[in-house]
Amino acid sequence: MRTARLVMPTLVLALVPTLHLADLSDQDPPSRVGRLSFLSGSVSFRPGSVDDWATATVNYPLTTGDHLWTDADARAEITIGSSAIRLASQSAFGFLALDDRTTQVRLSQGTLAVRLRHLGDDESFEIDTPNGAVSLLRPGSYRVDVDSSGDTTTVTVRHGEAEVTANGSAFSVHADDAAVVIGTDAPSYDIHAALRPDAWEDWCVARDRRWDEARSARYVSREVIGHEDLDDYGDWRETGPYGAVWVPRSMIVGWAPYRYGHWAWVDPWGWTWIDDAPWGFAPFHYGRWVYVDGGWGWVPGRVVARPVYAPALVAFVGGRNWSVAIGLGGGGGGGGGGVAWFPLGYHVSNTYIRNVNVTNVNVTNINVTNVNVTNISYRNRNAPGAVTVVTQQTFVESRPVGRSVIVVPRERLDQAAVVGGAARVTPNRQSVLGQPAIVAVRRPPEAVTRRAVVVRTTPPAPPVPFTAREQALRAHPGRPLDDSALASLRARTPPARAAPLVRPAVPATSARAAPALRPAREGLPASRPVPASAAAPRPEKRPPAARDAERPVRAERPAPAAAPGERPTPAAAPAELPGRAERRAPAERPAPTGAPSERPARKERPAPSAAPARQPSAEPERPQPERRPAAERQPAKEKERPAPSAAPARQPSAEPERPQPERRPAAERQPAKDRKAERDSAKEKPPN
């Protein structure tokens with residue numbers, strides 16, 4: 001393979017022609033995160049590796065194990081690619097899993113709305129509640145409500161299709177419908193028409209409209225998180241060497257990228273930049289900053305289907321002698337004294353850096369390997385105000401960088417060496433919380449945080465506590481632990497809490513399925529449970545074509561049944577029909593065509609004792625009783641008495657068609673006729 005070193009006017013890039021998620025190494029972190037894109041009121045945050053709660057901040061990246069709590073009158077929004085999750089007040093939320101193909105969240109209390117804009121055949125989106133696991137099967141708009149007791153969950157589908165699974169049973173919820181699931185150990189459900197949207201849903205729709213109408217989508221992929229915020233805070237300009245460049249408005253004098261915000265330690269990426277600006281996500285985790293026309297601009301790069309997230313696109317500089325020279329002690333970017341950086345890129349593995357770069361630059365068909373950051377000339381480094389220097393304490397304790405910038409003479413900056421794409425600094429507990437100090441914040445009730453939720457997909461193991469990682473992180477400053485190191489720590493570290501608090505939706509051993517209420521529109525009693533034999537789990541993931549192919553099977557019910565999406569799982573339907581037929585058989589024998597209350601479906605399933613089909617049709621045409629043997633007519637009289645033995649099914653239809661005298665057996669009618677004839681004869685005969 002040919003290798004080359006490519007030097008751009010402002011940055012050095014490693015490139016490949018195309019991007020595929022499959023190219024990411026197993027050791028690389030996920031290519032997407034959840035961004036805290038909007039906060040209102042008191043919102044608290046807890047990382048997955050610590051037990052402390054902190055104040056949530058805009059632009060913080062969320063991933064597996066992270067939790068949020070929205071207090072009274074608070075709201076929060078999380079964006080994942082082109083999709084959005086929104087939380088109303090008094091909501092307890094967490095990520096059970098978040099990677100390139102799986103989004104699995106828990107909602108133990110409160111209200112959650114999801115706008116799902118894209119769902120690939122190999123992707124899944126699951127919302128786990130105390131009553132059941134809600135799988136979103138198609139793009140659309142959804143709402144899930146969990147009451148404060150955790151006993152009732154309401155799933156509302158505005159657009160799309162969802163499936164609720166609990167205790168081995170599953171049912172679908174279609175557009176404009178809402179399902180109410182009650183109970184945890186033996187859940188039941190009902191389906192009704194969705195209620196009209198309230199004020200909170202109207203707010204969600206307004207946020208969606210803002211995303212749908214974003215002008216920045218002309219220049220970036222819709223999957224670039226945070227691009228919708230660029231319209232209100234900057235302008236797009238066409239430049240010769242870079243094409244379309246976004247330039248922020250109303251910036252202060254001396255502003256530079258990666259200067260007004262703070263650093264936090266976010267596993268599995270490591271040191272991550274959290275910008276203060278409301279628009280400060282997309283330009284700091286995708287693309288590149290360039291100094292052009294006397295100011296800084298952001299180059300998004302060419303549009304791709306799935307851009308790759310990076311924690312911070314910078315290069316760190318320093319060195320022991322350099323740090324001592326500027327009066328910050330030993331270590332520089334390597335363990336003590338000061339830490340310095342400028343906008344550039346981030347390196348995890350060769351595959352990862354290639355994928356990151358190819359999604360964010362406007363150059364193609366160039367392969368660059370063996371990138372050595374120490375032997376490259378960086379023009380961005382010489383741009384006015386590009387290099388930012390702070391003390392290591394400011395860096396590690398997540399203090400605001402803009403308030404603590406150290407001014408270093410230009411000649412000293414030129415002496416600093418590039419030390420890599422990650423700061424060689426060991427994080428502490430404050431780094432994980434992303435807060436300069438641990439302060440008291442509002443947190444959810446203990447009963448809510450300990451409440452178990454039902455899961456259909458088994459989530460990954462909970463994050464290893466930071467206290468167990470800390471010593472290993474000191475051995476390799478600034479480097480996140482790899483999978484093998486984490487597995488070793490997990491094996492010998494007892495969990496600090498019984499997490500994740502989950503229960504499988506399909507128990508491994510279950511003697512019977514949970515009873516469930518049928519939707520009222522099925523025309524069946526609302527309290528009738530699903531038979532235990534009918535409950536069965538569904539496949540973990542089914543493509544849309546397979547789901548559609550299953551639907552005709554559900555239509556085998558009688559006419560009064562509702563639409564396929566409004567009934568329990570298809571596996572329950574076959575077991576219900578025999579049960580209904582057996583219960584009704586004693587009172588509703590399949591009579592001939594003369595029975596007025598008979599339904600057509602009963603003709604197709606006559607009782608085993610019914611006469612052949614040719615006899616009912618012949619009886620109305622030839623009703624003469626004398627043609628039938630007396631042995632067959634005798635049970636007709638006994639049918640009027642509540643006797644255990646009943647007449648064959650072909651008898652009742654003939655009874656209403658005969659006059660009452662004719663219904664009497666011939667054996668009883670003939671003696672009466674003979675006696676009358678004898679009396680008449682006696683009257684007419686003259687006496688002797």
# chains A, B, ... in the order shown; residues from 1 in each chain; ligands from 1
$ residues_around --residues "Asp52 (chain A)" --least-positions-apart "4" --cutoff "12 Å" --atoms "only C-alpha atoms" --output "list in words"
Ser44, Phe45, Arg46, Pro47, Gly48, Asp66, His67, Leu68, Arg429, Gln430, Val432, Leu433, Gly434, Gln435, Ala437, Ile438, Val439, Ala440, Val441, Arg442, Arg443, Pro444, Pro465 and Phe466 of chain A
$ closest_residue --among "A:Ala56, A:Ala76, A:Val292, A:Leu230" --to "Gly243 (chain A)" --atoms "only C-alpha atoms"
A:Val292
$ atom_distance --atom1 "CA of Ala468 (chain A)" --atom2 "CA of Thr272 (chain A)"
20.7 Å
$ atom_distance --atom1 "CA of Val396 (chain A)" --atom2 "CA of Leu344 (chain A)"
20.7 Å
$ closest_residue --among "A:Ser188, A:Gln471, A:Asn59, A:Thr458" --to "Pro278 (chain A)" --atoms "only C-alpha atoms"
A:Asn59
$ closest_residue --among "A:Val247, A:Ile182, A:Leu489, A:Ala170" --to "Asp232 (chain A)" --atoms "only C-alpha atoms"
A:Val247
$ atom_distance --atom1 "CA of Gly168 (chain A)" --atom2 "CA of Val134 (chain A)"
13.3 Å
$ residues_around --residues "Thr239 (chain A)" --least-positions-apart "2" --cutoff "12 Å" --atoms "only C-alpha atoms" --output "PyMOL selection string"
chain A and resi 236-237+241-247+290-293+297-299
$ residues_around --residues "Ser31 (chain A)" --least-positions-apart "2" --cutoff "7 Å" --atoms "only C-alpha atoms" --output "JSON list (two decimals) with N, CA and C atoms, in the first residue's frame"
[["chain", "number", "residue", "atom", "x", "y", "z"],
["A", 29, "PRO", "N", -14.18, 3.29, 20.82],
["A", 29, "PRO", "CA", -15.45, 3.65, 21.45],
["A", 29, "PRO", "C", -16.55, 3.81, 20.42],
["A", 100, "ASP", "N", -23.43, 2.01, 18.55],
["A", 100, "ASP", "CA", -23.72, 2.32, 17.16],
["A", 100, "ASP", "C", -25.04, 1.74, 16.67],
["A", 308, "VAL", "N", -18.75, 10.25, 12.57],
["A", 308, "VAL", "CA", -18.17, 9.65, 13.75],
["A", 308, "VAL", "C", -17.86, 10.73, 14.78],
["A", 309, "TYR", "N", -18.37, 10.53, 15.99],
["A", 309, "TYR", "CA", -18.15, 11.46, 17.08],
["A", 309, "TYR", "C", -16.73, 11.35, 17.62]]
